[in-house]
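Novice: If it helps, the file is called coords.tsv and holds TSV, C-alpha atoms and all ligand atoms:
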chain	number	residue	atom	x	y	z
A	1	MET	CA	83.69	73.30	95.32
A	2	TYR	CA	83.06	76.65	96.99
A	3	ILE	CA	86.03	77.86	98.95
A	4	LEU	CA	85.42	80.40	101.68
A	5	PRO	CA	87.33	83.63	101.21
A	6	LEU	CA	90.52	83.66	103.29
A	7	ARG	CA	89.19	86.47	105.45
A	8	TRP	CA	86.22	84.32	106.48
A	9	ARG	CA	88.32	81.23	107.04
A	10	ARG	CA	90.56	83.27	109.33
A	11	LEU	CA	87.57	84.65	111.20
A	12	ILE	CA	86.06	81.19	111.69
A	13	LEU	CA	89.40	79.81	112.86
A	14	ALA	CA	89.82	82.70	115.28
A	15	THR	CA	86.29	82.17	116.62
A	16	VAL	CA	86.81	78.42	117.07
A	17	VAL	CA	90.13	79.08	118.77
A	18	SER	CA	88.70	81.66	121.13
A	19	LEU	CA	85.74	79.40	121.98
A	20	THR	CA	87.80	76.30	122.61
A	21	SER	CA	90.87	77.63	124.32
A	22	THR	CA	92.23	80.88	125.65
A	23	HIS	CA	95.74	79.53	125.59
A	24	PHE	CA	95.93	78.36	122.00
A	25	VAL	CA	99.48	78.45	120.74
A	26	THR	CA	100.05	79.46	117.13
A	27	ALA	CA	102.79	78.27	114.83
A	28	SER	CA	104.94	81.16	115.99
A	29	ASP	CA	104.37	80.13	119.62
A	30	GLU	CA	102.51	83.33	120.44
A	31	PRO	CA	99.75	82.65	122.97
A	32	ILE	CA	96.49	84.31	121.97
A	33	LEU	CA	95.46	86.20	125.07
A	34	THR	CA	93.27	89.24	125.42
A	35	LYS	CA	94.86	92.46	126.59
A	36	GLU	CA	93.35	91.96	130.06
A	37	GLN	CA	94.70	88.40	130.22
A	38	ILE	CA	98.14	89.67	129.24
A	39	LYS	CA	97.99	92.31	132.01
A	40	GLN	CA	96.97	89.67	134.56
A	41	PHE	CA	99.71	87.34	133.38
A	42	LEU	CA	102.37	90.04	133.65
A	43	LEU	CA	101.14	91.04	137.10
A	44	THR	CA	100.90	87.56	138.58
A	45	ALA	CA	102.85	84.87	136.66
A	46	LYS	CA	105.94	83.45	138.32
A	47	VAL	CA	109.39	84.44	137.11
A	48	VAL	CA	111.09	81.18	136.15
A	49	LYS	CA	114.20	82.52	134.37
A	50	SER	CA	116.05	85.79	133.89
A	51	GLU	CA	118.90	87.20	131.82
A	52	GLN	CA	120.44	90.62	131.16
A	53	SER	CA	119.23	92.27	127.96
A	54	LYS	CA	121.76	92.39	125.13
A	55	LYS	CA	120.66	95.77	123.75
A	56	GLY	CA	120.14	99.14	125.37
A	57	ILE	CA	122.18	100.92	128.02
A	58	THR	CA	120.12	100.80	131.19
A	59	GLN	CA	120.45	97.05	131.69
A	60	THR	CA	116.96	95.79	131.39
A	61	SER	CA	116.31	92.14	132.19
A	62	ARG	CA	114.58	89.63	130.00
A	63	LEU	CA	112.41	87.50	132.27
A	64	THR	CA	110.61	84.27	131.50
A	65	LEU	CA	107.26	84.04	133.27
A	66	SER	CA	104.94	81.10	133.69
A	67	ASP	CA	101.49	80.69	135.23
A	68	GLY	CA	101.57	76.92	134.76
A	69	THR	CA	99.70	77.09	131.45
A	70	VAL	CA	101.29	79.93	129.54
A	71	THR	CA	105.02	80.58	129.50
A	72	HIS	CA	106.17	83.85	127.96
A	73	ASP	CA	109.02	86.36	128.20
A	74	ALA	CA	108.82	89.93	129.41
A	75	SER	CA	111.18	92.89	129.66
A	76	PHE	CA	111.81	94.33	133.14
A	77	GLN	CA	113.01	97.94	133.41
A	78	LYS	CA	113.67	99.29	136.90
A	79	ILE	CA	115.43	102.60	136.20
A	80	ASP	CA	114.11	105.58	138.17
A	81	GLU	CA	116.78	108.27	138.09
A	82	HIS	CA	116.26	111.96	138.84
A	83	LYS	CA	119.01	114.56	138.40
A	84	ALA	CA	118.96	118.36	138.59
A	85	THR	CA	121.11	118.52	135.45
A	86	LEU	CA	122.65	116.00	133.12
A	87	GLN	CA	125.34	116.61	130.51
A	88	LEU	CA	124.36	114.91	127.26
A	89	ALA	CA	125.96	114.98	123.83
A	90	SER	CA	123.01	117.14	122.73
A	91	GLY	CA	123.57	119.66	125.57
A	92	THR	CA	122.69	120.01	129.23
A	93	GLU	CA	119.31	118.71	130.28
A	94	MET	CA	117.67	120.28	133.33
A	95	ASN	CA	115.42	118.23	135.61
A	96	PHE	CA	116.60	115.04	133.96
A	97	VAL	CA	114.48	111.97	134.58
A	98	ASP	CA	114.98	108.44	133.31
A	99	SER	CA	112.14	106.36	134.70
A	100	TYR	CA	110.34	103.08	134.16
A	101	LYS	CA	107.17	104.93	135.18
A	102	TYR	CA	107.06	106.60	131.78
A	103	ASN	CA	106.79	103.21	130.05
A	104	ILE	CA	103.57	102.60	131.95
A	105	ALA	CA	102.33	106.15	131.40
A	106	ALA	CA	102.98	105.86	127.65
A	107	TYR	CA	100.99	102.64	127.49
A	108	GLN	CA	98.10	104.19	129.38
A	109	LEU	CA	98.14	107.25	127.15
A	110	ALA	CA	98.18	104.98	124.09
A	111	GLU	CA	95.14	103.16	125.50
A	112	LEU	CA	93.26	106.46	125.78
A	113	LEU	CA	94.16	107.22	122.16
A	114	GLY	CA	93.23	103.76	120.87
A	115	ILE	CA	96.79	103.05	119.63
A	116	ASP	CA	97.89	100.67	122.40
A	117	ASP	CA	98.37	97.92	119.80
A	118	MET	CA	101.51	99.84	118.77
A	119	LEU	CA	103.14	99.19	122.17
A	120	PRO	CA	103.68	96.05	124.21
A	121	VAL	CA	101.43	95.85	127.27
A	122	TYR	CA	103.30	97.53	130.13
A	123	VAL	CA	102.43	97.00	133.81
A	124	GLU	CA	104.15	97.83	137.09
A	125	ARG	CA	105.71	94.87	138.87
A	126	LYS	CA	108.12	94.17	141.67
A	127	TRP	CA	111.00	91.78	141.01
A	128	LYS	CA	113.88	90.97	143.35
A	129	GLY	CA	112.99	93.91	145.58
A	130	ASP	CA	112.86	96.50	142.77
A	131	THR	CA	109.72	98.02	141.31
A	132	GLY	CA	109.81	98.48	137.55
A	133	SER	CA	107.88	98.22	134.33
A	134	LEU	CA	107.25	94.81	132.84
A	135	SER	CA	106.34	94.48	129.18
A	136	TRP	CA	105.06	91.53	127.19
A	137	TRP	CA	107.89	90.27	124.98
A	138	LEU	CA	106.97	90.92	121.35
A	139	PRO	CA	107.51	88.58	118.39
A	140	VAL	CA	110.16	90.84	116.89
A	141	LYS	CA	111.85	90.11	113.55
A	142	MET	CA	114.22	93.09	113.63
A	143	ASP	CA	114.46	96.66	114.80
A	144	GLU	CA	114.80	99.84	112.76
A	145	VAL	CA	118.60	99.79	113.13
A	146	GLU	CA	118.72	96.36	111.54
A	147	ARG	CA	116.29	97.33	108.77
A	148	HIS	CA	118.44	100.34	107.85
A	149	LYS	CA	121.62	98.25	108.01
A	150	GLN	CA	120.17	95.64	105.68
A	151	LYS	CA	118.62	98.36	103.47
A	152	LEU	CA	115.22	96.62	103.59
A	153	THR	CA	111.94	98.32	102.80
A	154	ALA	CA	108.43	97.15	103.55
A	155	PRO	CA	106.65	95.73	100.48
A	156	ASP	CA	103.52	97.77	101.22
A	157	ALA	CA	104.82	101.33	101.53
A	158	ASP	CA	101.40	102.80	102.35
A	159	ALA	CA	100.75	100.35	105.18
A	160	TRP	CA	104.24	101.03	106.55
A	161	ASN	CA	103.88	104.82	106.33
A	162	ASN	CA	100.45	104.74	107.92
A	163	GLN	CA	101.95	103.02	110.95
A	164	MET	CA	104.95	105.38	111.04
A	165	TYR	CA	102.73	108.49	110.96
A	166	LYS	CA	101.07	107.19	114.13
A	167	VAL	CA	104.44	106.57	115.79
A	168	ARG	CA	105.44	110.14	114.92
A	169	VAL	CA	102.31	111.58	116.53
A	170	LEU	CA	102.92	109.54	119.67
A	171	ASP	CA	106.57	110.65	119.73
A	172	GLN	CA	105.60	114.33	119.58
A	173	LEU	CA	102.97	113.87	122.24
A	174	VAL	CA	105.23	112.12	124.75
A	175	TYR	CA	108.31	114.25	123.92
A	176	ASP	CA	110.95	111.52	124.04
A	177	ASN	CA	114.41	112.96	124.57
A	178	ASP	CA	116.02	109.69	123.58
A	179	PRO	CA	114.35	108.74	120.32
A	180	ASN	CA	116.52	106.00	118.90
A	181	LEU	CA	115.97	103.34	116.33
A	182	THR	CA	116.49	100.43	118.73
A	183	ASN	CA	113.15	101.43	120.20
A	184	VAL	CA	111.22	100.88	116.99
A	185	LEU	CA	110.62	97.16	116.55
A	186	ILE	CA	109.31	95.30	113.52
A	187	GLY	CA	107.31	92.08	113.55
A	188	GLU	CA	105.62	89.72	111.10
A	189	ASP	CA	104.00	91.47	108.11
A	190	TRP	CA	106.00	94.63	108.87
A	191	LYS	CA	104.02	95.41	111.98
A	192	ILE	CA	105.66	98.27	113.89
A	193	TRP	CA	105.91	98.64	117.67
A	194	ARG	CA	107.29	101.56	119.67
A	195	ILE	CA	108.93	100.71	123.02
A	196	ASP	CA	111.04	102.36	125.74
A	197	PHE	CA	109.74	105.75	126.92
A	198	THR	CA	111.98	106.11	129.99
A	199	ARG	CA	113.29	109.47	128.81
A	200	ALA	CA	109.99	110.82	127.55
A	201	PHE	CA	107.39	113.07	129.17
A	202	ARG	CA	109.62	116.14	129.35
A	203	LEU	CA	107.99	119.31	130.64
A	204	SER	CA	108.26	121.22	127.35
A	205	LYS	CA	104.98	122.66	126.10
A	206	ASP	CA	106.46	122.88	122.60
A	207	LEU	CA	106.82	120.04	120.16
A	208	ARG	CA	110.26	118.51	119.76
A	209	ASP	CA	110.03	118.05	115.98
A	210	PRO	CA	106.83	119.61	114.61
A	211	LYS	CA	108.02	118.92	111.04
A	212	ASP	CA	107.61	115.20	111.74
A	213	LEU	CA	103.86	115.73	111.70
A	214	VAL	CA	102.79	115.15	108.11
A	215	ARG	CA	99.69	112.98	108.10
A	216	CYS	CA	97.37	111.54	110.75
A	217	ASP	CA	95.09	108.56	111.10
A	218	ARG	CA	91.49	109.88	111.28
A	219	GLN	CA	90.54	107.89	114.35
A	220	LEU	CA	93.70	108.98	116.15
A	221	PHE	CA	93.01	112.60	115.22
A	222	GLU	CA	89.52	112.37	116.73
A	223	LYS	CA	90.90	110.74	119.89
A	224	LEU	CA	93.57	113.42	120.18
A	225	LYS	CA	90.94	116.16	119.96
A	226	THR	CA	88.83	114.58	122.69
A	227	LEU	CA	91.70	113.53	124.98
A	228	ASP	CA	90.69	114.73	128.42
A	229	GLY	CA	93.35	116.09	130.77
A	230	ASN	CA	91.52	115.00	133.91
A	231	GLU	CA	91.06	111.49	132.61
A	232	LEU	CA	94.75	111.31	131.66
A	233	ALA	CA	95.77	112.66	135.08
A	234	ASP	CA	93.56	110.11	136.80
A	235	LYS	CA	94.77	107.15	134.72
A	236	THR	CA	98.45	108.06	135.10
A	237	LYS	CA	98.34	109.38	138.68
A	238	HIS	CA	101.05	107.05	139.94
A	239	TYR	CA	103.30	107.65	136.98
A	240	LEU	CA	103.06	111.28	135.82
A	241	THR	CA	103.19	114.51	137.80
A	242	LYS	CA	100.58	117.20	137.29
A	243	ASP	CA	103.10	119.25	135.30
A	244	GLU	CA	103.93	116.31	133.08
A	245	VAL	CA	100.23	115.83	132.32
A	246	LYS	CA	99.86	119.57	131.62
A	247	ALA	CA	102.77	119.40	129.19
A	248	VAL	CA	101.19	116.45	127.35
A	249	MET	CA	97.95	118.41	127.02
A	250	ALA	CA	99.79	121.53	125.77
A	251	ARG	CA	101.58	119.44	123.15
A	252	ARG	CA	98.29	117.80	122.24
A	253	ASP	CA	96.89	121.26	121.50
A	254	LYS	CA	99.87	122.02	119.29
A	255	ILE	CA	99.65	118.72	117.41
A	256	VAL	CA	95.95	119.28	116.72
A	257	ALA	CA	96.62	122.88	115.64
A	258	GLN	CA	99.43	121.74	113.35
A	259	PHE	CA	97.20	119.20	111.59
A	260	GLN	CA	94.39	121.72	111.34
A	261	LYS	CA	96.80	124.15	109.68
A	262	LEU	CA	97.96	121.46	107.25
A	263	ILE	CA	94.34	120.57	106.46
A	264	SER	CA	93.48	124.19	105.67
A	265	GLU	CA	96.53	124.47	103.40
A	266	LYS	CA	96.41	121.12	101.61
A	267	GLY	CA	92.89	119.80	102.08
A	268	GLU	CA	91.71	117.06	104.40
A	269	LYS	CA	92.41	114.19	102.01
A	270	GLU	CA	96.09	115.04	101.85
A	271	VAL	CA	96.44	115.04	105.62
A	272	LEU	CA	93.99	112.59	107.18
A	273	TYR	CA	93.76	108.93	106.21
A	301	LIG	N1	108.63	94.02	125.04
A	301	LIG	C1	109.70	93.77	124.31
A	301	LIG	N2	109.64	92.85	123.31
A	301	LIG	C2	110.74	92.56	122.55
A	301	LIG	N3	111.93	93.15	122.72
A	301	LIG	C3	112.06	94.07	123.70
A	301	LIG	C4	110.96	94.43	124.53
A	301	LIG	N4	111.39	95.35	125.43
A	301	LIG	C5	112.69	95.56	125.15
A	301	LIG	N5	113.11	94.80	124.13
A	301	LIG	C6	114.49	94.73	123.57
A	301	LIG	O1	115.42	95.08	124.57
A	301	LIG	C7	116.12	96.27	124.22
A	301	LIG	C8	116.35	97.13	125.47
A	301	LIG	O2	115.12	97.47	126.10
A	301	LIG	P1	114.69	98.98	126.37
A	301	LIG	O3	114.75	99.75	125.10
A	301	LIG	O4	113.39	98.95	127.10
A	301	LIG	O5	115.77	99.48	127.41
A	301	LIG	P2	117.08	100.38	127.20
A	301	LIG	O6	117.30	100.68	125.78
A	301	LIG	O7	118.15	99.78	127.99
A	301	LIG	O8	116.63	101.68	127.89
A	301	LIG	P3	117.25	103.09	127.62
A	301	LIG	O9	117.36	103.28	126.13
A	301	LIG	O10	116.24	103.98	128.27
A	301	LIG	O11	118.58	103.07	128.27
A	301	LIG	C9	115.26	96.95	123.15
A	301	LIG	O12	115.97	97.77	122.29
A	301	LIG	C10	114.67	95.74	122.44
A	301	LIG	O13	115.60	95.20	121.51
A	302	MG	MG	115.90	101.28	124.37
Could you rewrite the structure in this file as structure tokens?
Ligand SMILES: Nc1ncnc2c1ncn2[C@@H]1O[C@H](COP(=O)(O)OP(=O)(O)OP(=O)(O)O)[C@@H](O)[C@H]1O
Ligand SMILES: [Mg+2]
Specialist:
Amino acid sequence: MYILPLRWRRLILATVVSLTSTHFVTASDEPILTKEQIKQFLLTAKVVKSEQSKKGITQTSRLTLSDGTVTHDASFQKIDEHKATLQLASGTEMNFVDSYKYNIAAYQLAELLGIDDMLPVYVERKWKGDTGSLSWWLPVKMDEVERHKQKLTAPDADAWNNQMYKVRVLDQLVYDNDPNLTNVLIGEDWKIWRIDFTRAFRLSKDLRDPKDLVRCDRQLFEKLKTLDGNELADKTKHYLTKDEVKAVMARRDKIVAQFQKLISEKGEKEVLY
């Protein structure tokens, strides 16, 4: 008997599923929705339950939403704090901002770069009188803190590193002043997500950790080179100031220059993948 290769069987199953139902529920209870359907769901589904998040310091809420057909959780972050100076363990930060708006801006930037699958979908939503960001709850197995604690490593080191290199590029681009391992989440098959950008988008035109830039996904490199400041400003107009957009573009230039330097020193194959 001829058995279809697994790849084909998966493709056929996915096609049948998408033709027969948009709300098919898999074994892991993850509804298969398109990105646009997820956005619509997050924007419009009714909040049927809420609880305070167990991790993090800014007291996010875990909400359960339902549109009558799909029921799914989401994380609500309403922080929007602005201070002239803030004393942190790392020193004094001027023009300190901690804002839900940066979660949405990061998602929109990731969309422009074609790496939005590394973040949960983030939208803006009002809940109990507060406006905040709402993100699709991810099927998380553990976070980076837990992985380090348990001394686990991904079985496919290349696949893991290739995801991490993309996270590093995004981190340099958004300049997150609170990069911590509870914001790197791991799912099935060692899929990596990056969440929580409320302390990102600082005004620095320099990179925070240029040494973190080692290798780059080819497609991402092309998207970085063609990232258009006006398009970014337009897409993020409710979430980033003009100066914040300018700083992203300045860091973009530095990231591209850094990779170009590495390519000229080591050769393209050592840097791009
Ligand atoms: N979309 C999501 N899917 C799954 N888990 C999430 C999601 N969003 C948040 N979490 C979990 O909730 C925790 C807290 O959320 P988040 O990191 O957004 O806020 P926070 O850490 O309180 O914010 P901050 O670090 O800015 O104070 C995360 O570390 C993660 O464990
Ligand atoms: Mg966090």
Novice: If you count all atoms listed in the file, which residues end up within 12 Å of ligand MG 302 (chain A), as a tab-separated table (two decimals) with C-alpha atoms, keeping the file's coordinate frame?
Specialist:
chain	number	residue	atom	x	y	z
A	53	SER	CA	119.23	92.27	127.96
A	54	LYS	CA	121.76	92.39	125.13
A	55	LYS	CA	120.66	95.77	123.75
A	56	GLY	CA	120.14	99.14	125.37
A	57	ILE	CA	122.18	100.92	128.02
A	58	THR	CA	120.12	100.80	131.19
A	59	GLN	CA	120.45	97.05	131.69
A	60	THR	CA	116.96	95.79	131.39
A	75	SER	CA	111.18	92.89	129.66
A	76	PHE	CA	111.81	94.33	133.14
A	77	GLN	CA	113.01	97.94	133.41
A	79	ILE	CA	115.43	102.60	136.20
A	98	ASP	CA	114.98	108.44	133.31
A	100	TYR	CA	110.34	103.08	134.16
A	103	ASN	CA	106.79	103.21	130.05
A	143	ASP	CA	114.46	96.66	114.80
A	144	GLU	CA	114.80	99.84	112.76
A	145	VAL	CA	118.60	99.79	113.13
A	176	ASP	CA	110.95	111.52	124.04
A	177	ASN	CA	114.41	112.96	124.57
A	178	ASP	CA	116.02	109.69	123.58
A	179	PRO	CA	114.35	108.74	120.32
A	180	ASN	CA	116.52	106.00	118.90
A	181	LEU	CA	115.97	103.34	116.33
A	182	THR	CA	116.49	100.43	118.73
A	183	ASN	CA	113.15	101.43	120.20
A	184	VAL	CA	111.22	100.88	116.99
A	185	LEU	CA	110.62	97.16	116.55
A	194	ARG	CA	107.29	101.56	119.67
A	195	ILE	CA	108.93	100.71	123.02
A	196	ASP	CA	111.04	102.36	125.74
A	197	PHE	CA	109.74	105.75	126.92
A	198	THR	CA	111.98	106.11	129.99
A	199	ARG	CA	113.29	109.47	128.81
A	200	ALA	CA	109.99	110.82	127.55
Novice: Take CA of Val214 in chain A and CA of Glu231 in chain A and report the distance between them in Å, one decimal.
Specialist: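 A separation of 27.4 Å between them.
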Novice: Quick one: of A:Ala110, A:Leu227, A:Val174, A:Leu272, who's nearest to Phe201 in chain A, counting all atoms listed in the file?
Specialist: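 Once distances to Phe201 in chain A are computed over all atoms listed in the file, the minimum belongs to A:Val174.
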Novice: Taking all atoms listed in the file into account, name the residue in A:Lys166, A:Arg208, A:Lys101, A:Lys126 that is nearest to Lys254 in chain A.
Specialist: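 Among the listed residues, the smallest separation from Lys254 in chain A belongs to A:Arg208.
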Novice: Compare A:Lys128, A:Lys205, A:Arg147, A:Lys141 by their minimum atom-to-atom distance to ligand LIG 301 (chain A), counting all atoms listed in the file, and give me the closest one.
Specialist: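 For ligand LIG 301 (chain A), the nearest of the given residues is A:Lys141.
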Novice: Compare A:Asp67, A:Asp73, A:Glu270, A:Asp234 by their minimum atom-to-atom distance to ligand LIG 301 (chain A), counting only C-alpha atoms and all ligand atoms, and give me the closest one.
Specialist: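 Among A:Asp67, A:Asp73, A:Glu270, A:Asp234, it is A:Asp73 that comes nearest to ligand LIG 301 (chain A).
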Novice: Rank nothing, just name the residue among A:Leu33, A:Ile104, A:Ala84, A:Leu138 nearest to Val123 in chain A, using only C-alpha atoms.
Specialist: A:Ile104
Novice: Between A:Leu113, A:Leu173, A:Ala154, A:Ile186, which residue has the minimum interatomic distance to ligand LIG 301 (chain A), considering all atoms listed in the file?
Specialist: A:Ile186
Novice: Which neighbours of Asp212 in chain A fall inside 12 Å, counting only C-alpha atoms, when residues of the same chain fewer than 5 positions from it are skipped, and could you give them as a list in words?
Specialist: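 Contacts, with the query itself left out: Met164, Tyr165, Lys166, Val167, Arg168, Val169, Leu170, Asp171, Gln172, Leu173, Leu207, Ile255, Gln258 and Phe259 of chain A.
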Novice: Using only C-alpha atoms, which protein or nucleic acid residues come within 9 Å of Leu43 in chain A? Drop anything in the same chain fewer than 4 positions from it, and give the result as a PyMOL selection string.
Specialist: chain A and resi 38-39+123-126+134
Novice: Quote the spacing between CA of Tyr122 in chain A and CA of Trp136 in chain A in Å to one decimal place.
Specialist: 6.9 Å
